[in-house]
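A.B. asks: My questions will all concern the structure given below.
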Amino acid sequence: MIPPCPGRVFAASLLLGLTLGNAGADAVLESRTLRFEDGPRLRWSRTYTAALGELTGPVTQGGRIYLGVGPVVEALGEDGRLQARYDLPGEVVSLDAGGGTLRVSTRGDGYVERFTLLDPSDGGGVQERVVFPPDPEVTGWLARAAALVPQADLARVAAEDPLNPFLALREARLAARRGDTDASLSAVRRSLGGDLPFPAWVGLAAGLDAAGFPAAANLALDRARRDAAARGIDPEVSVSRAALFAYGNPSGYVGTLLAQERLGRAEAWLRYLRELHPRFEGGPALYARYAALLDAQGRGGEAEDWRQFARTLRAGTLYNLGEDGPRLVREAARLATFALLVALAAAWLTLSLRVRSAQREDTRPLGGRRTAWLRHPLSRLRRTTVTYAGVGERLVFVALVAGLVVSLAGWQWANTTAARLRAPALSIGTYGGGWSGARLDDLGLRSVPDTALLTGLAAQLDGDDGVARARYARAPGDACALNNLGVIAQTRGDLPQARENYRAAFAARPDLAAAAYNLGLPPSTPGTVFQRTYRPGEPRLCYPGDRSLARAVNGDLSVTLARDLRRPLAALTPGEGQSAALGWAVLLTLAGGLGLTLLLLVPRPPGVARLGRPAAYRVAALLLPGTGFLEGAWGGVLLLAWAATLTALAPLLGVTRAPALLDPTRPGVRTALLLLLGTTYALNLAAFITAEVRHARKKGQD
């Protein structure tokens, strides 16, 4: 037998001793205190305040202790020092170390997500894609944890938790107040040394900027862009004000800087928004405010650049009207509704003044105009004001009511579309993730190709290419879907198939920037510039525009109109953005339109021969352009032009609110409207004189 080597015996004995020495060491959670005990001896302990969230675990694996704290998982060494922190999109509810892999589950409102945590020695991080919901309780956890530390314990806690940069930021501020520049700069460098999610980087940048470290703040903003790009945040997706607030509130900080007239720092933050979140809620107003301040400083060229950039963001929005597209459509529908109501009222008033005498004579044998409705309703129906009108005049009434139905439906459609396009699931800067998927289910998306595109894109961003392909198959021929199928093919290494899909997408939509980018062409949109800078070498995905999203969540105006015609009572169904008053208006207008259509079949009463041209009728025909000539096509056109012009000018009298699309308080708009109003009266006067001369000649001949 060969005798054992003395060195090997020593190493084995040492390893056995260490193993036996740690055999009794264990992590225990008592209430909100994590204790690491070696038998009866306490090595260290850490206490977590209730404000940090629920505690889950602990779980020991690979010589590390993992503990879920609210929406994060902390990995601590046996010496109590924090080695890694995993930022997750919801409150941790379970930790499982079975099979040698650490799995964590997080809970949201109506959904659960599961993630795999990578070993800190391999770089750490989360294996799956993490999409942060617009919840400050989740995205602001690090800053909140640092703010809860008493100043007396700051140095100790910062040493135990070197991965929280907000602790280092607090140390930098304290050192700066003491005049210790070296210590302050050292703390700033430590704050920039970690790996953070982009909301934390933005919050840190704001803190560094306010503390007087602009260069460090710029570096933090650059890292925020890169982390956001890696997580699938894209400039093509709009961002609500609530989401931006949860993501560090950069737009709010820009407003503060502009109020302080710190344009140099404001530009750095606006550049961040311009690159990463150009389509944020309130963006056009903030860009215009910054441009006005640049103009005041004599920097007109820079101001015009920002205005031009804001104009380019209108492409792809609802009817290319920009961020306020749904509101502008609503104002246009409201203007059309009021104009049609004015036209109907004017036409009915003029006609009633003409037929009043004949109608009184015809209804006298029936008991009078009012009593006849009770005694002889059918005979009285034949002698209504509209039945005295000729066929051409009746058709004008039916056309005006039909237009009123369309304008009311458009008003309702604009309301509901605006509300649904503001849905949080569509305005967090990206798609996918458990929170977004749950909220998309709440929207009740329609079964149309645009929905397949949206849900397929969400699955593709989450890395599930199989589900994405199946959903894109429900949008055959869609240029955006073809481009994204090409991206899937390229990631699989099938470049010929990818290029074929890109070419098909580009042929279907030559304005599709994503397909042009993937074919090697140089489009210059916010999305392609961002892709080239922060995701170089990766193919560009196509994102649905506002028109596509509107079709997915609500459908086009034709869908709303068809629903109101098929199921009129559906207009009264409560829904997001839907007005009960508008629903009743649609229902009553439909009923009125049906009644007028039936009256087309009713013959004119015998008193038509006595109509003539009474003096009151002549005055009304002269004051209300077009109402005296409704038998001809041009009478209806003149009436509509006059009613629309009068409605557009109404805000000058304080009757209605001025629309942004056609604001009469602007000198140019007011002049054009007054000129159009004068033209309608001039044309009406010429037609009125012609009609009077013709009537006089006919009377003389008779």
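Every chain in the structure tokens has a letter given in the order shown (A, B, ...), and although residue numbers restart at 1 in each chain, ligands are simply numbered from 1 in the order shown.
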Residues within 8 Å of Ser191 (chain A), please, as a ChimeraX atom specification. Count only C-alpha atoms; anything in the same chain fewer than 4 positions from it doesn't count.

C.D. replies: /A:164-169,187

A.B. asks: Keeping only N, CA and C atoms, write the selected residues as a compact mmCIF listing (two decimals), in the first residue's frame.

C.D. replies:
```
# COMPACT_ATOMS: atom_id res chain seq x y z
N ASN A 164 -26.10 49.97 -3.22
CA ASN A 164 -27.13 51.00 -3.26
C ASN A 164 -26.46 52.35 -3.49
N PRO A 165 -26.53 52.89 -4.72
CA PRO A 165 -25.80 54.14 -5.02
C PRO A 165 -26.38 55.35 -4.29
N PHE A 166 -27.61 55.26 -3.86
CA PHE A 166 -28.22 56.41 -3.18
C PHE A 166 -27.63 56.61 -1.78
N LEU A 167 -27.11 55.54 -1.20
CA LEU A 167 -26.37 55.70 0.06
C LEU A 167 -25.07 56.45 -0.18
N ALA A 168 -24.38 56.08 -1.27
CA ALA A 168 -23.14 56.78 -1.61
C ALA A 168 -23.42 58.24 -1.96
N LEU A 169 -24.57 58.49 -2.61
CA LEU A 169 -24.93 59.87 -2.94
C LEU A 169 -25.14 60.69 -1.67
N ALA A 187 -17.15 59.20 -3.13
CA ALA A 187 -18.50 58.68 -2.97
C ALA A 187 -19.27 58.73 -4.29
```

A.B. asks: Which of region 72-244 of chain A end up as alpha helix (DSSP H) when DSSP is run on this backbone - answer as a count of residues only?

C.D. replies: 77

A.B. asks: Would you list the contacts of Ala505 (chain A) as a PyMOL selection string, taking every protein, DNA or RNA residue within 6 Å and counting only C-alpha atoms, but skipping same-chain residues closer than 2 positions in sequence?

C.D. replies: chain A and resi 479+482-483+502-503+507-508

A.B. asks: Go ahead and write the residues just picked, C-alpha atoms, as a PDB file, in the first residue's frame.

C.D. replies:
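See result06.pdb below for the written result:
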```pdb
ATOM      1  CA  ALA A 479     -46.011  45.134 -43.443  1.00  0.00           C
ATOM      2  CA  LEU A 482     -43.638  40.839 -42.131  1.00  0.00           C
ATOM      3  CA  ASN A 483     -40.750  42.949 -40.850  1.00  0.00           C
ATOM      4  CA  TYR A 502     -37.864  42.858 -45.173  1.00  0.00           C
ATOM      5  CA  ARG A 503     -38.272  43.436 -48.912  1.00  0.00           C
ATOM      6  CA  ALA A 507     -42.769  46.958 -50.866  1.00  0.00           C
ATOM      7  CA  ALA A 508     -46.055  46.969 -48.951  1.00  0.00           C
TER       8      ALA A 508
END
```

A.B. asks: Do a neighbour search on Ala648 (chain A) at 10 Å with only C-alpha atoms, toss out local chain neighbours closer than 2 positions, and write the hits as a list in words.

C.D. replies: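 Non-adjacent residues within range: Leu335, Ala336, Phe338, Ala339, Trp642, Ala643, Ala644, Thr645, Leu646, Ala650, Pro651, Leu652, Thr656, Arg657, Ala658, Pro659, Leu662, Asp663, Pro664, Val669, Arg670, Leu673 and Leu674 of chain A.
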
A.B. asks: Looking at A:Leu622, A:Ala641, A:Ala210, A:Ala84, which one is nearest to Leu163 (chain A), with distances taken over only C-alpha atoms?

C.D. replies: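 Checking each of A:Leu622, A:Ala641, A:Ala210, A:Ala84 against Leu163 (chain A), counting only C-alpha atoms, the winner is A:Ala84.
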
A.B. asks: Tell me which protein, DNA and RNA residues are within 12 Å of region 306-311 of chain A, counting only C-alpha atoms, leaving out same-chain ones fewer than 6 positions away, and put them as an MDAnalysis selection string.

C.D. replies: chainID A and resid 267 270:271 274:275 278:280 282:295 299:300 317 320:323 524:526

A.B. asks: Tell me which protein, DNA and RNA residues are within 9 Å of Gly203 (chain A), counting only C-alpha atoms, leaving out same-chain ones fewer than 2 positions away, and put them as a PyMOL selection string.

C.D. replies: chain A and resi 140+143+166+198-201+205-208+247-250

A.B. asks: For the selection you just gave me, I'd like the residues written to a file as a CSV table (one decimal), in the first residue's frame, keeping C-alpha atoms.

C.D. replies:
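Output (selection.csv):
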```csv
chain,number,residue,atom,x,y,z
A,140,GLY,CA,-38.2,53.7,-6.5
A,143,ALA,CA,-34.0,55.4,-3.3
A,166,PHE,CA,-28.2,56.4,-3.2
A,198,PHE,CA,-32.8,52.6,-15.8
A,199,PRO,CA,-35.3,54.1,-13.4
A,200,ALA,CA,-32.7,54.0,-10.6
A,201,TRP,CA,-30.1,55.6,-13.0
A,205,ALA,CA,-28.8,61.4,-12.2
A,206,ALA,CA,-31.3,63.8,-10.8
A,207,GLY,CA,-29.7,63.5,-7.3
A,208,LEU,CA,-26.2,64.0,-8.8
A,247,TYR,CA,-39.1,56.0,-14.2
A,248,GLY,CA,-37.4,58.8,-12.3
A,249,ASN,CA,-39.6,61.7,-13.4
A,250,PRO,CA,-37.2,63.2,-16.0
```

A.B. asks: Calculated over only C-alpha atoms, which of the candidates A:Leu512, A:Ala620, A:Leu676, A:Leu443 has the smallest distance to Leu349 (chain A)?

C.D. replies: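 Comparing A:Leu512, A:Ala620, A:Leu676, A:Leu443 against Leu349 (chain A), the winner is A:Ala620.
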
A.B. asks: Applying 10 Å and only C-alpha atoms, which residues near Phe115 (chain A) remain after dropping the ones on its own chain fewer than 2 positions away? List them as a PyMOL selection string.

C.D. replies: chain A and resi 88+95+102-106+113+117-118+126-130

A.B. asks: What does the distance between CA of Glu54 (chain A) and CA of Gly77 (chain A) come to in Å, to one decimal place?

C.D. replies: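 Separating CA of Glu54 (chain A) from CA of Gly77 (chain A) is a distance of 21.0 Å.
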
A.B. asks: Counting only C-alpha atoms, which of A:Glu631, A:Asp442, A:Asp96, A:Asp161 gets nearest to Ala389 (chain A)?

C.D. replies: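 Among A:Glu631, A:Asp442, A:Asp96, A:Asp161, it is A:Glu631 that comes nearest to Ala389 (chain A).
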
A.B. asks: Where does DSSP see strand (DSSP E) in region 103-152 of chain A, if you list the residues as a VMD selection string?

C.D. replies: chain A and resid 103 to 108 111 to 117

A.B. asks: Can you work out the spacing between CA of Leu461 (chain A) and CA of Leu221 (chain A) in Å, to one decimal?

C.D. replies: 23.4 Å

A.B. asks: Between A:Pro605, A:Pro197, A:Gly429, A:Gly90, which one has atoms that come closest to Ser240 (chain A), using only C-alpha atoms?

C.D. replies: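 Smallest separation from Ser240 (chain A) among the options: A:Gly429.
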
A.B. asks: Counting only C-alpha atoms, give me one row per residue of region 420-503 of chain A with an atom at most 12 Å from an atom of region 531-551 of chain A, showing the shortest contact pair and its distance in Å to one decimal, sorted by chain then residue number, as CSV.

C.D. replies:
```
residue,atom,partner,partner_atom,distance
A:Arg420,CA,A:Ala550,CA,7.9
A:Leu421,CA,A:Ala550,CA,6.7
A:Arg422,CA,A:Ala550,CA,10.5
A:Ala423,CA,A:Leu549,CA,10.8
A:Ala425,CA,A:Leu549,CA,11.4
A:Leu426,CA,A:Leu549,CA,8.5
A:Ser427,CA,A:Asp546,CA,11.2
A:Gly429,CA,A:Tyr543,CA,11.0
A:Thr430,CA,A:Tyr543,CA,9.4
A:Tyr431,CA,A:Tyr543,CA,9.5
A:Leu440,CA,A:Leu549,CA,11.6
A:Leu443,CA,A:Leu549,CA,11.5
A:Leu445,CA,A:Arg551,CA,9.0
A:Arg446,CA,A:Arg551,CA,7.9
A:Ser447,CA,A:Arg551,CA,9.8
A:Val448,CA,A:Arg551,CA,7.8
A:Pro449,CA,A:Ser548,CA,9.0
A:Asp450,CA,A:Ser548,CA,5.6
A:Thr451,CA,A:Leu549,CA,7.7
A:Ala452,CA,A:Ser548,CA,10.6
A:Leu453,CA,A:Pro544,CA,7.4
A:Leu454,CA,A:Pro544,CA,6.9
A:Thr455,CA,A:Pro544,CA,10.6
A:Gly456,CA,A:Tyr543,CA,10.6
A:Leu457,CA,A:Tyr543,CA,7.6
A:Ala458,CA,A:Tyr543,CA,10.0
A:Gln460,CA,A:Leu541,CA,9.4
A:Leu461,CA,A:Leu541,CA,9.2
A:Ala475,CA,A:Ser548,CA,11.9
A:Asp478,CA,A:Pro544,CA,10.7
A:Ala479,CA,A:Cys542,CA,8.7
A:Cys480,CA,A:Cys542,CA,5.3
A:Ala481,CA,A:Cys542,CA,7.6
A:Leu482,CA,A:Cys542,CA,9.1
A:Asn483,CA,A:Cys542,CA,6.5
A:Asn484,CA,A:Leu541,CA,5.6
A:Leu485,CA,A:Leu541,CA,9.2
A:Gly486,CA,A:Pro539,CA,8.7
A:Val487,CA,A:Pro539,CA,6.0
A:Ile488,CA,A:Pro539,CA,9.2
A:Ala489,CA,A:Pro539,CA,10.3
A:Gln490,CA,A:Pro539,CA,7.7
A:Thr491,CA,A:Pro539,CA,8.4
A:Arg492,CA,A:Pro539,CA,12.0
A:Gly493,CA,A:Pro539,CA,11.9
A:Leu495,CA,A:Pro539,CA,11.0
A:Ala498,CA,A:Pro539,CA,9.8
A:Arg499,CA,A:Pro539,CA,10.9
A:Tyr502,CA,A:Arg540,CA,10.3
```

A.B. asks: Just C-alpha atoms for this one: save the residues we selected as a CSV table (one decimal), in the first residue's frame.

C.D. replies:
```csv
chain,number,residue,atom,x,y,z
A,420,ARG,CA,-58.3,53.7,-24.6
A,421,LEU,CA,-55.1,54.9,-26.3
A,422,ARG,CA,-54.1,56.4,-22.9
A,423,ALA,CA,-54.3,52.9,-21.3
A,425,ALA,CA,-50.4,49.1,-21.0
A,426,LEU,CA,-49.9,51.1,-24.2
A,427,SER,CA,-47.8,53.9,-22.7
A,429,GLY,CA,-42.3,52.8,-23.5
A,430,THR,CA,-42.4,49.1,-24.4
A,431,TYR,CA,-44.7,46.1,-24.7
A,440,LEU,CA,-53.8,44.3,-22.3
A,443,LEU,CA,-58.7,46.3,-22.6
A,445,LEU,CA,-58.9,44.0,-27.7
A,446,ARG,CA,-60.7,43.4,-30.9
A,447,SER,CA,-60.0,40.3,-33.0
A,448,VAL,CA,-58.3,42.1,-35.9
A,449,PRO,CA,-54.8,41.9,-37.5
A,450,ASP,CA,-53.7,45.0,-35.5
A,451,THR,CA,-54.3,43.1,-32.3
A,452,ALA,CA,-52.3,40.2,-33.6
A,453,LEU,CA,-49.5,42.6,-34.4
A,454,LEU,CA,-49.5,44.1,-30.9
A,455,THR,CA,-49.7,40.9,-29.0
A,456,GLY,CA,-47.2,39.2,-31.3
A,457,LEU,CA,-44.7,42.0,-30.8
A,458,ALA,CA,-45.2,41.7,-27.0
A,460,GLN,CA,-41.4,38.6,-29.4
A,461,LEU,CA,-39.9,41.2,-27.0
A,475,ALA,CA,-52.1,39.4,-39.7
A,478,ASP,CA,-49.3,43.3,-42.8
A,479,ALA,CA,-46.0,45.1,-43.4
A,480,CYS,CA,-45.2,45.5,-39.8
A,481,ALA,CA,-45.8,41.8,-39.1
A,482,LEU,CA,-43.6,40.8,-42.1
A,483,ASN,CA,-40.7,42.9,-40.9
A,484,ASN,CA,-40.9,41.4,-37.4
A,485,LEU,CA,-41.0,37.9,-38.9
A,486,GLY,CA,-37.9,38.8,-40.7
A,487,VAL,CA,-36.3,39.8,-37.4
A,488,ILE,CA,-37.2,36.3,-36.0
A,489,ALA,CA,-35.6,34.7,-39.1
A,490,GLN,CA,-32.5,36.8,-38.8
A,491,THR,CA,-32.0,35.9,-35.1
A,492,ARG,CA,-32.3,32.2,-36.1
A,493,GLY,CA,-29.5,32.8,-38.7
A,495,LEU,CA,-30.6,35.7,-43.4
A,498,ALA,CA,-35.1,37.6,-43.3
A,499,ARG,CA,-34.2,39.8,-46.3
A,502,TYR,CA,-37.9,42.9,-45.2
```
